[in-house]
file entry.cif (mmCIF, C-alpha atoms and all ligand atoms)
data_protein
loop_
_atom_site.group_PDB
_atom_site.id
_atom_site.type_symbol
_atom_site.label_atom_id
_atom_site.label_comp_id
_atom_site.auth_asym_id
_atom_site.auth_seq_id
_atom_site.Cartn_x
_atom_site.Cartn_y
_atom_site.Cartn_z
ATOM 1 C CA MET A 1 93.811 77.224 84.057
ATOM 2 C CA ASN A 2 97.102 77.637 82.243
ATOM 3 C CA ARG A 3 99.999 79.639 83.583
ATOM 4 C CA ILE A 4 99.721 82.523 81.121
ATOM 5 C CA ARG A 5 96.022 83.058 81.854
ATOM 6 C CA ARG A 6 96.727 83.057 85.600
ATOM 7 C CA MET A 7 99.549 85.534 84.950
ATOM 8 C CA GLU A 8 97.173 87.830 83.067
ATOM 9 C CA ILE A 9 94.673 87.792 85.935
ATOM 10 C CA LEU A 10 97.290 88.308 88.654
ATOM 11 C CA GLY A 11 99.151 91.013 86.712
ATOM 12 C CA GLU A 12 95.865 92.862 86.180
ATOM 13 C CA SER A 13 95.076 92.544 89.909
ATOM 14 C CA ALA A 14 98.435 94.081 90.853
ATOM 15 C CA LYS A 15 98.157 97.232 88.781
ATOM 16 C CA TYR A 16 96.580 99.379 91.476
ATOM 17 C CA ASP A 17 99.681 99.214 93.659
ATOM 18 C CA ARG A 18 101.652 102.304 92.713
ATOM 19 C CA CYS A 19 105.360 102.742 92.126
ATOM 20 C CA ASN A 20 104.945 105.672 89.765
ATOM 21 C CA TYR A 21 104.790 109.427 90.064
ATOM 22 C CA GLY A 22 102.162 111.858 88.838
ATOM 23 C CA ASN A 23 98.888 111.195 87.124
ATOM 24 C CA TYR A 24 98.447 107.954 85.322
ATOM 25 C CA ASN A 25 95.952 105.756 83.638
ATOM 26 C CA PRO A 26 96.399 102.174 84.849
ATOM 27 C CA ASP A 27 95.255 100.849 81.487
ATOM 28 C CA ASN A 28 98.308 102.368 79.836
ATOM 29 C CA PHE A 29 100.757 100.548 81.992
ATOM 30 C CA PHE A 30 100.305 97.028 80.785
ATOM 31 C CA SER A 31 101.014 95.355 77.517
ATOM 32 C CA GLU A 32 98.400 92.862 76.382
ATOM 33 C CA LYS A 33 101.217 90.735 75.020
ATOM 34 C CA LEU A 34 103.233 90.864 78.220
ATOM 35 C CA PRO A 35 101.060 90.274 81.259
ATOM 36 C CA GLY A 36 102.684 91.530 84.433
ATOM 37 C CA VAL A 37 105.002 94.119 82.853
ATOM 38 C CA TYR A 38 104.625 97.516 84.514
ATOM 39 C CA ASN A 39 106.585 100.578 83.473
ATOM 40 C CA ALA A 40 107.498 102.289 86.738
ATOM 41 C CA THR A 41 108.928 105.795 86.649
ATOM 42 C CA ASN A 42 111.002 107.479 89.309
ATOM 43 C CA PRO A 43 110.779 111.201 90.258
ATOM 44 C CA ASN A 44 113.338 112.031 87.537
ATOM 45 C CA GLY A 45 111.160 110.431 84.880
ATOM 46 C CA VAL A 46 113.418 107.411 84.333
ATOM 47 C CA CYS A 47 111.372 104.384 83.317
ATOM 48 C CA MET A 48 112.072 100.912 84.697
ATOM 49 C CA PRO A 49 110.005 97.958 83.493
ATOM 50 C CA LEU A 50 109.063 95.811 86.476
ATOM 51 C CA PHE A 51 107.485 92.392 86.683
ATOM 52 C CA LYS A 52 104.537 93.303 88.899
ATOM 53 C CA VAL A 53 102.114 90.639 89.957
ATOM 54 C CA LEU A 54 100.134 89.176 92.850
ATOM 55 C CA MET A 55 100.962 85.657 94.051
ATOM 56 C CA THR A 56 97.218 85.137 94.422
ATOM 57 C CA ASN A 57 93.990 87.126 94.187
ATOM 58 C CA LYS A 58 92.399 84.939 96.876
ATOM 59 C CA CYS A 59 91.757 87.137 99.903
ATOM 60 C CA SER A 60 89.883 86.977 103.186
ATOM 61 C CA ASN A 61 89.958 90.755 103.725
ATOM 62 C CA ASP A 62 87.039 93.013 102.890
ATOM 63 C CA CYS A 63 88.698 96.188 101.551
ATOM 64 C CA THR A 64 85.775 98.035 100.045
ATOM 65 C CA TYR A 65 87.702 99.555 97.108
ATOM 66 C CA CYS A 66 89.411 96.313 96.040
ATOM 67 C CA VAL A 67 88.216 93.935 93.371
ATOM 68 C CA ASN A 68 89.803 91.042 95.304
ATOM 69 C CA ASN A 69 87.754 91.622 98.456
ATOM 70 C CA CYS A 70 86.391 88.424 99.979
ATOM 71 C CA ALA A 71 82.753 89.073 99.028
ATOM 72 C CA ASN A 72 83.461 89.431 95.306
ATOM 73 C CA LYS A 73 82.607 86.301 93.313
ATOM 74 C CA PHE A 74 84.998 85.559 90.456
ATOM 75 C CA ASN A 75 87.778 83.203 89.467
ATOM 76 C CA ARG A 76 90.457 83.051 92.148
ATOM 77 C CA VAL A 77 93.869 81.862 91.037
ATOM 78 C CA GLU A 78 97.398 81.610 92.365
ATOM 79 C CA LEU A 79 100.958 80.995 91.265
ATOM 80 C CA SER A 80 103.317 78.853 93.317
ATOM 81 C CA PRO A 81 106.677 80.365 94.336
ATOM 82 C CA SER A 82 108.478 78.101 91.845
ATOM 83 C CA GLU A 83 106.118 79.045 88.995
ATOM 84 C CA LEU A 84 106.501 82.726 89.734
ATOM 85 C CA THR A 85 110.287 82.445 89.990
ATOM 86 C CA SER A 86 110.563 80.697 86.650
ATOM 87 C CA ILE A 87 108.215 83.143 84.858
ATOM 88 C CA PHE A 88 110.138 86.098 86.273
ATOM 89 C CA LEU A 89 113.465 84.641 85.138
ATOM 90 C CA GLU A 90 112.075 84.092 81.613
ATOM 91 C CA TYR A 91 111.108 87.770 81.451
ATOM 92 C CA TYR A 92 114.328 88.961 83.056
ATOM 93 C CA ASN A 93 116.652 86.846 80.932
ATOM 94 C CA ASN A 94 114.872 88.098 77.810
ATOM 95 C CA ARG A 95 115.363 91.691 79.041
ATOM 96 C CA LEU A 96 111.660 92.350 79.208
ATOM 97 C CA VAL A 97 111.870 93.521 82.828
ATOM 98 C CA GLU A 98 114.564 94.922 85.105
ATOM 99 C CA GLY A 99 113.120 94.066 88.493
ATOM 100 C CA LEU A 100 110.387 92.403 90.525
ATOM 101 C CA PHE A 101 107.491 93.986 92.478
ATOM 102 C CA LEU A 102 105.594 91.295 94.335
ATOM 103 C CA SER A 103 102.402 91.448 96.367
ATOM 104 C CA SER A 104 99.640 89.046 97.339
ATOM 105 C CA GLY A 105 96.097 88.643 98.512
ATOM 106 C CA VAL A 106 95.695 87.027 101.921
ATOM 107 C CA PRO A 107 93.514 83.920 101.698
ATOM 108 C CA GLY A 108 94.168 82.746 105.273
ATOM 109 C CA ASP A 109 97.216 82.905 107.532
ATOM 110 C CA ILE A 110 99.050 86.162 106.778
ATOM 111 C CA ASP A 111 102.479 84.662 107.336
ATOM 112 C CA VAL A 112 101.781 81.824 104.895
ATOM 113 C CA SER A 113 101.131 84.450 102.186
ATOM 114 C CA MET A 114 104.253 86.345 103.233
ATOM 115 C CA GLU A 115 106.236 83.098 103.232
ATOM 116 C CA ASN A 116 105.272 82.491 99.592
ATOM 117 C CA MET A 117 106.584 85.910 98.559
ATOM 118 C CA VAL A 118 109.749 85.502 100.619
ATOM 119 C CA GLU A 119 110.280 82.099 99.015
ATOM 120 C CA VAL A 120 110.260 83.666 95.528
ATOM 121 C CA ALA A 121 112.892 86.174 96.642
ATOM 122 C CA ARG A 122 114.898 83.395 98.304
ATOM 123 C CA GLN A 123 114.868 81.224 95.193
ATOM 124 C CA LEU A 124 115.896 84.156 93.006
ATOM 125 C CA ARG A 125 118.714 85.323 95.279
ATOM 126 C CA LEU A 126 120.081 82.041 96.628
ATOM 127 C CA GLU A 127 119.281 79.461 93.952
ATOM 128 C CA HIS A 128 119.572 81.580 90.799
ATOM 129 C CA GLY A 129 122.087 84.232 91.882
ATOM 130 C CA TYR A 130 119.752 87.074 90.913
ATOM 131 C CA GLN A 131 121.157 90.363 92.172
ATOM 132 C CA GLY A 132 118.634 92.785 90.648
ATOM 133 C CA TYR A 133 115.844 94.835 92.167
ATOM 134 C CA ILE A 134 113.199 93.191 94.368
ATOM 135 C CA HIS A 135 110.335 95.091 96.010
ATOM 136 C CA LEU A 136 108.221 93.037 98.411
ATOM 137 C CA LYS A 137 104.912 94.143 99.867
ATOM 138 C CA ILE A 138 104.620 93.652 103.612
ATOM 139 C CA LEU A 139 101.130 92.349 104.230
ATOM 140 C CA PRO A 140 99.248 94.096 107.068
ATOM 141 C CA GLY A 141 99.553 92.014 110.239
ATOM 142 C CA SER A 142 102.732 90.134 109.179
ATOM 143 C CA SER A 143 104.936 88.855 111.989
ATOM 144 C CA TYR A 144 108.177 90.578 112.986
ATOM 145 C CA ASP A 145 110.284 87.586 111.911
ATOM 146 C CA MET A 146 108.614 87.384 108.510
ATOM 147 C CA ILE A 147 109.144 91.109 107.930
ATOM 148 C CA LYS A 148 112.804 90.699 108.835
ATOM 149 C CA ARG A 149 113.180 87.813 106.389
ATOM 150 C CA ALA A 150 111.531 89.794 103.613
ATOM 151 C CA MET A 151 113.827 92.748 104.320
ATOM 152 C CA SER A 152 116.910 90.521 104.230
ATOM 153 C CA LEU A 153 116.137 89.628 100.594
ATOM 154 C CA ALA A 154 114.432 92.721 99.167
ATOM 155 C CA ASN A 155 115.925 96.033 98.085
ATOM 156 C CA ARG A 156 112.751 97.789 99.120
ATOM 157 C CA VAL A 157 109.624 96.878 101.095
ATOM 158 C CA SER A 158 106.328 98.701 101.504
ATOM 159 C CA ILE A 159 103.174 98.443 103.520
ATOM 160 C CA ASN A 160 100.125 100.281 102.225
ATOM 161 C CA ILE A 161 98.636 102.651 104.771
ATOM 162 C CA GLU A 162 95.641 103.349 102.445
ATOM 163 C CA ALA A 163 94.170 106.076 104.708
ATOM 164 C CA ALA A 164 95.436 108.990 106.787
ATOM 165 C CA THR A 165 93.467 108.316 109.952
ATOM 166 C CA SER A 166 92.123 105.380 111.866
ATOM 167 C CA GLU A 167 88.579 106.602 111.143
ATOM 168 C CA GLY A 168 89.263 106.828 107.409
ATOM 169 C CA PHE A 169 90.863 103.390 107.452
ATOM 170 C CA ASN A 170 87.823 101.914 109.168
ATOM 171 C CA GLU A 171 85.684 103.181 106.282
ATOM 172 C CA LEU A 172 87.761 100.994 103.963
ATOM 173 C CA SER A 173 88.138 97.721 105.852
ATOM 174 C CA SER A 174 86.706 95.968 108.888
ATOM 175 C CA THR A 175 89.248 93.137 108.845
ATOM 176 C CA LYS A 176 92.448 95.164 109.253
ATOM 177 C CA ASN A 177 93.487 97.503 112.062
ATOM 178 C CA PHE A 178 95.176 100.830 111.302
ATOM 179 C CA ASN A 179 97.279 101.014 114.463
ATOM 180 C CA THR A 180 98.332 97.420 114.932
ATOM 181 C CA ASP A 181 98.385 95.968 111.399
ATOM 182 C CA ILE A 182 99.829 99.042 109.660
ATOM 183 C CA LEU A 183 101.532 101.573 111.960
ATOM 184 C CA ARG A 184 103.047 98.994 114.306
ATOM 185 C CA ARG A 185 104.503 97.109 111.307
ATOM 186 C CA MET A 186 105.904 100.344 109.886
ATOM 187 C CA ALA A 187 107.611 100.994 113.235
ATOM 188 C CA TRP A 188 109.115 97.483 113.104
ATOM 189 C CA ILE A 189 110.437 98.124 109.587
ATOM 190 C CA LYS A 190 112.007 101.384 110.765
ATOM 191 C CA ARG A 191 113.574 99.672 113.773
ATOM 192 C CA LEU A 192 114.970 96.822 111.672
ATOM 193 C CA MET A 193 116.452 99.256 109.142
ATOM 194 C CA LYS A 194 118.134 101.240 111.899
ATOM 195 C CA ARG A 195 119.620 98.088 113.423
ATOM 196 C CA ASP A 196 120.962 96.658 110.169
ATOM 197 C CA GLY A 197 121.628 98.802 107.100
ATOM 198 C CA ASN A 198 121.654 95.712 104.873
ATOM 199 C CA LEU A 199 117.941 95.153 105.439
ATOM 200 C CA ALA A 200 115.875 96.653 102.589
ATOM 201 C CA PRO A 201 118.695 99.095 101.713
ATOM 202 C CA SER A 202 116.424 101.124 99.392
ATOM 203 C CA GLY A 203 114.079 101.838 102.289
ATOM 204 C CA HIS A 204 110.349 101.495 102.721
ATOM 205 C CA THR A 205 107.421 103.247 101.077
ATOM 206 C CA THR A 206 103.660 103.418 101.397
ATOM 207 C CA GLN A 207 100.533 104.172 99.406
ATOM 208 C CA PHE A 208 97.289 106.070 100.028
ATOM 209 C CA ILE A 209 94.023 105.375 98.242
ATOM 210 C CA VAL A 210 92.816 108.914 97.518
ATOM 211 C CA GLY A 211 89.099 109.604 97.387
ATOM 212 C CA ALA A 212 87.762 106.318 98.742
ATOM 213 C CA SER A 213 87.146 107.680 102.249
ATOM 214 C CA HIS A 214 86.041 111.103 103.433
ATOM 215 C CA GLU A 215 89.560 112.270 104.242
ATOM 216 C CA SER A 216 90.724 115.653 102.958
ATOM 217 C CA ASP A 217 94.006 116.523 101.258
ATOM 218 C CA SER A 218 95.019 118.204 104.497
ATOM 219 C CA ASP A 219 94.453 114.950 106.435
ATOM 220 C CA ILE A 220 96.543 113.028 103.906
ATOM 221 C CA LEU A 221 99.438 115.508 103.799
ATOM 222 C CA LYS A 222 99.593 115.751 107.585
ATOM 223 C CA ARG A 223 99.890 111.982 107.779
ATOM 224 C CA VAL A 224 102.508 111.872 104.991
ATOM 225 C CA ASN A 225 104.561 114.480 106.819
ATOM 226 C CA TRP A 226 104.280 112.456 110.013
ATOM 227 C CA LEU A 227 105.352 109.284 108.194
ATOM 228 C CA TYR A 228 108.499 110.940 106.847
ATOM 229 C CA LYS A 229 109.398 112.213 110.292
ATOM 230 C CA LYS A 230 108.346 109.322 112.534
ATOM 231 C CA MET A 231 108.577 106.247 110.306
ATOM 232 C CA ASP A 232 111.460 107.237 108.012
ATOM 233 C CA ILE A 233 109.512 106.307 104.894
ATOM 234 C CA ARG A 234 111.375 106.959 101.664
ATOM 235 C CA ARG A 235 108.343 107.774 99.489
ATOM 236 C CA SER A 236 104.606 108.018 99.565
ATOM 237 C CA TYR A 237 102.413 107.150 96.590
ATOM 238 C CA PHE A 238 98.916 108.433 95.946
ATOM 239 C CA SER A 239 96.586 106.136 94.073
ATOM 240 C CA ALA A 240 93.329 107.672 92.851
ATOM 241 C CA PHE A 241 90.334 105.620 93.913
ATOM 242 C CA ASN A 242 88.746 103.742 90.996
ATOM 243 C CA SER A 243 85.165 102.628 91.335
ATOM 244 C CA MET A 244 85.204 98.967 90.350
ATOM 245 C CA GLU A 245 82.339 96.708 89.463
ATOM 246 C CA GLY A 246 81.444 94.171 92.129
ATOM 247 C CA THR A 247 83.065 96.069 94.995
ATOM 248 C CA PRO A 248 81.171 97.669 97.894
ATOM 249 C CA LEU A 249 82.324 101.070 96.593
ATOM 250 C CA GLU A 250 81.015 100.492 93.069
ATOM 251 C CA GLY A 251 79.404 103.795 91.999
ATOM 252 C CA HIS A 252 81.197 105.822 94.684
ATOM 253 C CA GLU A 253 82.376 109.154 93.294
ATOM 254 C CA GLU A 254 85.956 109.119 91.979
ATOM 255 C CA PRO A 255 88.347 111.956 92.858
ATOM 256 C CA ALA A 256 88.969 114.816 90.441
ATOM 257 C CA PRO A 257 91.679 113.815 87.950
ATOM 258 C CA LEU A 258 94.100 116.486 89.227
ATOM 259 C CA ARG A 259 93.824 115.548 92.892
ATOM 260 C CA THR A 260 96.640 112.986 93.138
ATOM 261 C CA GLY A 261 98.902 115.195 90.999
ATOM 262 C CA ARG A 262 98.351 118.075 93.417
ATOM 263 C CA LEU A 263 99.136 115.809 96.363
ATOM 264 C CA TYR A 264 102.457 114.828 94.754
ATOM 265 C CA GLN A 265 103.253 118.514 94.222
ATOM 266 C CA ALA A 266 102.373 119.436 97.805
ATOM 267 C CA ASP A 267 104.325 116.455 99.154
ATOM 268 C CA HIS A 268 107.320 117.572 97.077
ATOM 269 C CA LEU A 269 107.117 121.171 98.326
ATOM 270 C CA VAL A 270 106.970 120.090 101.955
ATOM 271 C CA ASN A 271 109.401 117.203 101.952
ATOM 272 C CA SER A 272 111.933 118.239 99.301
ATOM 273 C CA TYR A 273 111.870 122.034 99.661
ATOM 274 C CA GLY A 274 111.088 122.250 103.365
ATOM 275 C CA ILE A 275 107.994 124.416 102.952
ATOM 276 C CA ASP A 276 105.880 124.337 106.100
ATOM 277 C CA LEU A 277 102.682 122.387 105.610
ATOM 278 C CA LYS A 278 100.839 125.259 107.322
ATOM 279 C CA GLU A 279 101.858 127.553 104.442
ATOM 280 C CA LEU A 280 99.824 125.489 102.022
ATOM 281 C CA THR A 281 96.159 126.370 102.055
ATOM 282 C CA PHE A 282 93.389 123.839 101.569
ATOM 283 C CA GLU A 283 89.976 124.688 100.231
HETATM 284 S S1 LIG A 301 94.063 92.821 101.536
HETATM 285 FE FE1 LIG A 301 92.480 94.209 100.787
HETATM 286 S S2 LIG A 301 93.513 95.381 99.158
HETATM 287 FE FE2 LIG A 301 94.763 93.540 99.515
HETATM 288 S S3 LIG A 301 93.985 92.008 98.049
HETATM 289 FE FE3 LIG A 301 92.880 91.691 99.972
HETATM 290 S S4 LIG A 301 90.977 92.862 99.746
HETATM 291 FE FE4 LIG A 301 92.446 93.614 98.201
#

call {"tool": "encode", "arguments": {"input": "entry.cif", "output": "structure tokens", "more": "lines below"}}
Ligand code: SF4
result
Amino acid sequence: MNRIRRMEILGESAKYDRCNYGNYNPDNFFSEKLPGVYNATNPNGVCMPLFKVLMTNKCSNDCTYCVNNCANKFNRVELSPSELTSIFLEYYNNRLVEGLFLSSGVPGDIDVSMENMVEVARQLRLEHGYQGYIHLKILPGSSYDMIKRAMSLANRVSINIEAATSEGFNELSSTKNFNTDILRRMAWIKRLMKRDGNLAPSGHTTQFIVGASHESDSDILKRVNWLYKKMDIRRSYFSAFNSMEGTPLEGHEEPAPLRTGRLYQADHLVNSYGIDLKELTFE
């Protein structure tokens, strides 16, 4: 399969990872002519086109909401670190994007997948002198050394928490562990950032899948509040669950369109204006 077709597939697969605020329709964020271009917006509404893609959609995990889950039968493709580096530089040098947001499925050894992402960042920084924005996903279960290497090259890293509680997380995956694969890695990221301010200087973020498990808004906001206080996260993103064909959650009810918007508002009130979470009422 040619490089552009693989890019289209892997750009499409990456669109559910959020780096945007407010409500959105994922279909509006990609140009058919420019696979992999994602218009991220910050809280002030400033738009930044990012090259946002997975290294591969091969995955051995069984996340029930994800089209790439291991049970789903479809074409699995990958880009090598050198291919991805050269495609990114073509986009960047033609001013089509201003930064890179890189994630990956996990076909086997987690650190091999992490190594591929780190290698892209290494080639860009050390072989091509690229000094722009790089956001690397930390894959659940990555080793301490691999996380440190990723943080030494990236402006920002993130690990998706997906759910507010261990019970909610277990509804979404049987192959990942909430406490060890997610929270322990977040604690490592925090520790590394405290020890060396040059590691991921733009901090770390996370994402919740809203509406895929039975968790309430209260559960989610309590966990977000805890993450700001205990893990020093910079931001939390809320991605509305989309029921996708071929996934175990196909047909599962999707959240009300306003739900993620309300979560952003509540998060903002608590974490920017200092309003006590207890003052917000949940129905
Ligand atoms: S780890 Fe889970 S969410 Fe990520 S690509 Fe694999 S199945 Fe999808």

call {"tool": "closest_residue", "arguments": {"input": "entry.cif", "among": "A:Ala164, A:Ile189, A:Leu263, A:Ala121", "to": "Ser213 of chain A", "atoms": "all atoms listed in the file"}}
result
A:Ala164

call {"tool": "closest_residue", "arguments": {"input": "entry.cif", "among": "A:Leu50, A:Ile147, A:Ile275, A:Leu153", "to": "Arg184 of chain A", "atoms": "all atoms listed in the file"}}
result
A:Ile147

call {"tool": "axis_aligned_box", "arguments": {"input": "entry.cif", "around": "ligand LIG 301 (chain A)", "padding_each_side": "8 Å", "output": "AutoDock Vina command-line options"}}
result
--center_x 92.9 --center_y 93.5 --center_z 99.8 --size_x 19.8 --size_y 19.7 --size_z 19.5

call {"tool": "closest_atom_pairs", "arguments": {"input": "entry.cif", "of": "segment 36-131 of chain A", "to": "segment 6-16 of chain A", "cutoff": "8 Å", "atoms": "only C-alpha atoms", "output": "Markdown table"}}
result
| residue | atom | partner | partner_atom | distance |
| --- | --- | --- | --- | --- |
| A:Gly36 | CA | A:Gly11 | CA | 4.2 |
| A:Val37 | CA | A:Gly11 | CA | 7.7 |
| A:Tyr38 | CA | A:Lys15 | CA | 7.8 |
| A:Lys52 | CA | A:Gly11 | CA | 6.2 |
| A:Val53 | CA | A:Gly11 | CA | 4.4 |
| A:Leu54 | CA | A:Leu10 | CA | 5.1 |
| A:Met55 | CA | A:Leu10 | CA | 7.0 |
| A:Thr56 | CA | A:Leu10 | CA | 6.6 |
| A:Asn57 | CA | A:Leu10 | CA | 6.5 |
| A:Val67 | CA | A:Ser13 | CA | 7.8 |
| A:Asn68 | CA | A:Ser13 | CA | 7.7 |
| A:Val77 | CA | A:Arg6 | CA | 6.3 |
| A:Glu78 | CA | A:Arg6 | CA | 7.0 |
| A:Leu79 | CA | A:Arg6 | CA | 7.4 |
| A:Ser103 | CA | A:Ala14 | CA | 7.3 |

call {"tool": "residues_near_point", "arguments": {"input": "entry.cif", "point": "(108.4, 114.2, 106.7)", "cutoff": "12 Å", "atoms": "only C-alpha atoms", "output": "number ranges by chain"}}
result
A: 221-236, 266-277

call {"tool": "build_atoms", "arguments": {"input": "entry.cif", "residues": "segment 91-108 of chain A", "atoms": "N, CA, C and O atoms", "output": "PDB file, keeping the file's coordinate frame"}}
result
ATOM      1  N   TYR A  91     111.230  86.353  81.829  1.00  0.00           N
ATOM      2  CA  TYR A  91     111.108  87.770  81.451  1.00  0.00           C
ATOM      3  C   TYR A  91     112.463  88.477  81.600  1.00  0.00           C
ATOM      4  O   TYR A  91     112.891  89.223  80.735  1.00  0.00           O
ATOM      5  N   TYR A  92     113.089  88.240  82.748  1.00  0.00           N
ATOM      6  CA  TYR A  92     114.328  88.961  83.056  1.00  0.00           C
ATOM      7  C   TYR A  92     115.440  88.580  82.085  1.00  0.00           C
ATOM      8  O   TYR A  92     116.143  89.442  81.560  1.00  0.00           O
ATOM      9  N   ASN A  93     115.574  87.289  81.820  1.00  0.00           N
ATOM     10  CA  ASN A  93     116.652  86.846  80.932  1.00  0.00           C
ATOM     11  C   ASN A  93     116.420  87.285  79.491  1.00  0.00           C
ATOM     12  O   ASN A  93     117.357  87.341  78.700  1.00  0.00           O
ATOM     13  N   ASN A  94     115.170  87.565  79.147  1.00  0.00           N
ATOM     14  CA  ASN A  94     114.872  88.098  77.810  1.00  0.00           C
ATOM     15  C   ASN A  94     114.808  89.626  77.813  1.00  0.00           C
ATOM     16  O   ASN A  94     114.329  90.239  76.868  1.00  0.00           O
ATOM     17  N   ARG A  95     115.275  90.226  78.900  1.00  0.00           N
ATOM     18  CA  ARG A  95     115.363  91.691  79.041  1.00  0.00           C
ATOM     19  C   ARG A  95     114.032  92.404  78.867  1.00  0.00           C
ATOM     20  O   ARG A  95     113.967  93.521  78.379  1.00  0.00           O
ATOM     21  N   LEU A  96     112.988  91.734  79.273  1.00  0.00           N
ATOM     22  CA  LEU A  96     111.660  92.350  79.208  1.00  0.00           C
ATOM     23  C   LEU A  96     111.373  93.152  80.469  1.00  0.00           C
ATOM     24  O   LEU A  96     110.532  94.051  80.459  1.00  0.00           O
ATOM     25  N   VAL A  97     112.027  92.788  81.563  1.00  0.00           N
ATOM     26  CA  VAL A  97     111.870  93.521  82.828  1.00  0.00           C
ATOM     27  C   VAL A  97     113.232  93.679  83.486  1.00  0.00           C
ATOM     28  O   VAL A  97     114.175  92.941  83.181  1.00  0.00           O
ATOM     29  N   GLU A  98     113.293  94.672  84.410  1.00  0.00           N
ATOM     30  CA  GLU A  98     114.564  94.922  85.105  1.00  0.00           C
ATOM     31  C   GLU A  98     114.441  94.703  86.608  1.00  0.00           C
ATOM     32  O   GLU A  98     115.386  94.955  87.349  1.00  0.00           O
ATOM     33  N   GLY A  99     113.276  94.289  87.065  1.00  0.00           N
ATOM     34  CA  GLY A  99     113.120  94.066  88.493  1.00  0.00           C
ATOM     35  C   GLY A  99     111.767  93.445  88.798  1.00  0.00           C
ATOM     36  O   GLY A  99     110.925  93.274  87.911  1.00  0.00           O
ATOM     37  N   LEU A 100     111.594  93.099  90.071  1.00  0.00           N
ATOM     38  CA  LEU A 100     110.387  92.403  90.525  1.00  0.00           C
ATOM     39  C   LEU A 100     109.668  93.229  91.584  1.00  0.00           C
ATOM     40  O   LEU A 100     110.300  93.751  92.517  1.00  0.00           O
ATOM     41  N   PHE A 101     108.341  93.340  91.464  1.00  0.00           N
ATOM     42  CA  PHE A 101     107.491  93.986  92.478  1.00  0.00           C
ATOM     43  C   PHE A 101     106.408  92.968  92.809  1.00  0.00           C
ATOM     44  O   PHE A 101     105.555  92.673  91.978  1.00  0.00           O
ATOM     45  N   LEU A 102     106.458  92.427  94.015  1.00  0.00           N
ATOM     46  CA  LEU A 102     105.594  91.295  94.335  1.00  0.00           C
ATOM     47  C   LEU A 102     104.666  91.598  95.501  1.00  0.00           C
ATOM     48  O   LEU A 102     105.093  92.111  96.539  1.00  0.00           O
ATOM     49  N   SER A 103     103.386  91.279  95.306  1.00  0.00           N
ATOM     50  CA  SER A 103     102.402  91.448  96.367  1.00  0.00           C
ATOM     51  C   SER A 103     101.498  90.216  96.373  1.00  0.00           C
ATOM     52  O   SER A 103     101.676  89.288  95.587  1.00  0.00           O
ATOM     53  N   SER A 104     100.497  90.230  97.250  1.00  0.00           N
ATOM     54  CA  SER A 104      99.640  89.046  97.339  1.00  0.00           C
ATOM     55  C   SER A 104      98.338  89.371  98.057  1.00  0.00           C
ATOM     56  O   SER A 104      98.316  90.234  98.948  1.00  0.00           O
ATOM     57  N   GLY A 105      97.283  88.691  97.679  1.00  0.00           N
ATOM     58  CA  GLY A 105      96.097  88.643  98.512  1.00  0.00           C
ATOM     59  C   GLY A 105      96.397  87.777  99.732  1.00  0.00           C
ATOM     60  O   GLY A 105      97.456  87.138  99.811  1.00  0.00           O
ATOM     61  N   VAL A 106      95.463  87.762 100.666  1.00  0.00           N
ATOM     62  CA  VAL A 106      95.695  87.027 101.921  1.00  0.00           C
ATOM     63  C   VAL A 106      94.541  86.051 102.139  1.00  0.00           C
ATOM     64  O   VAL A 106      93.551  86.384 102.789  1.00  0.00           O
ATOM     65  N   PRO A 107      94.650  84.830 101.594  1.00  0.00           N
ATOM     66  CA  PRO A 107      93.514  83.920 101.698  1.00  0.00           C
ATOM     67  C   PRO A 107      93.277  83.377 103.107  1.00  0.00           C
ATOM     68  O   PRO A 107      92.158  83.008 103.447  1.00  0.00           O
ATOM     69  N   GLY A 108      94.331  83.318 103.927  1.00  0.00           N
ATOM     70  CA  GLY A 108      94.168  82.746 105.273  1.00  0.00           C
ATOM     71  C   GLY A 108      95.227  83.338 106.179  1.00  0.00           C
ATOM     72  O   GLY A 108      95.240  84.541 106.427  1.00  0.00           O
TER      73      GLY A 108
END
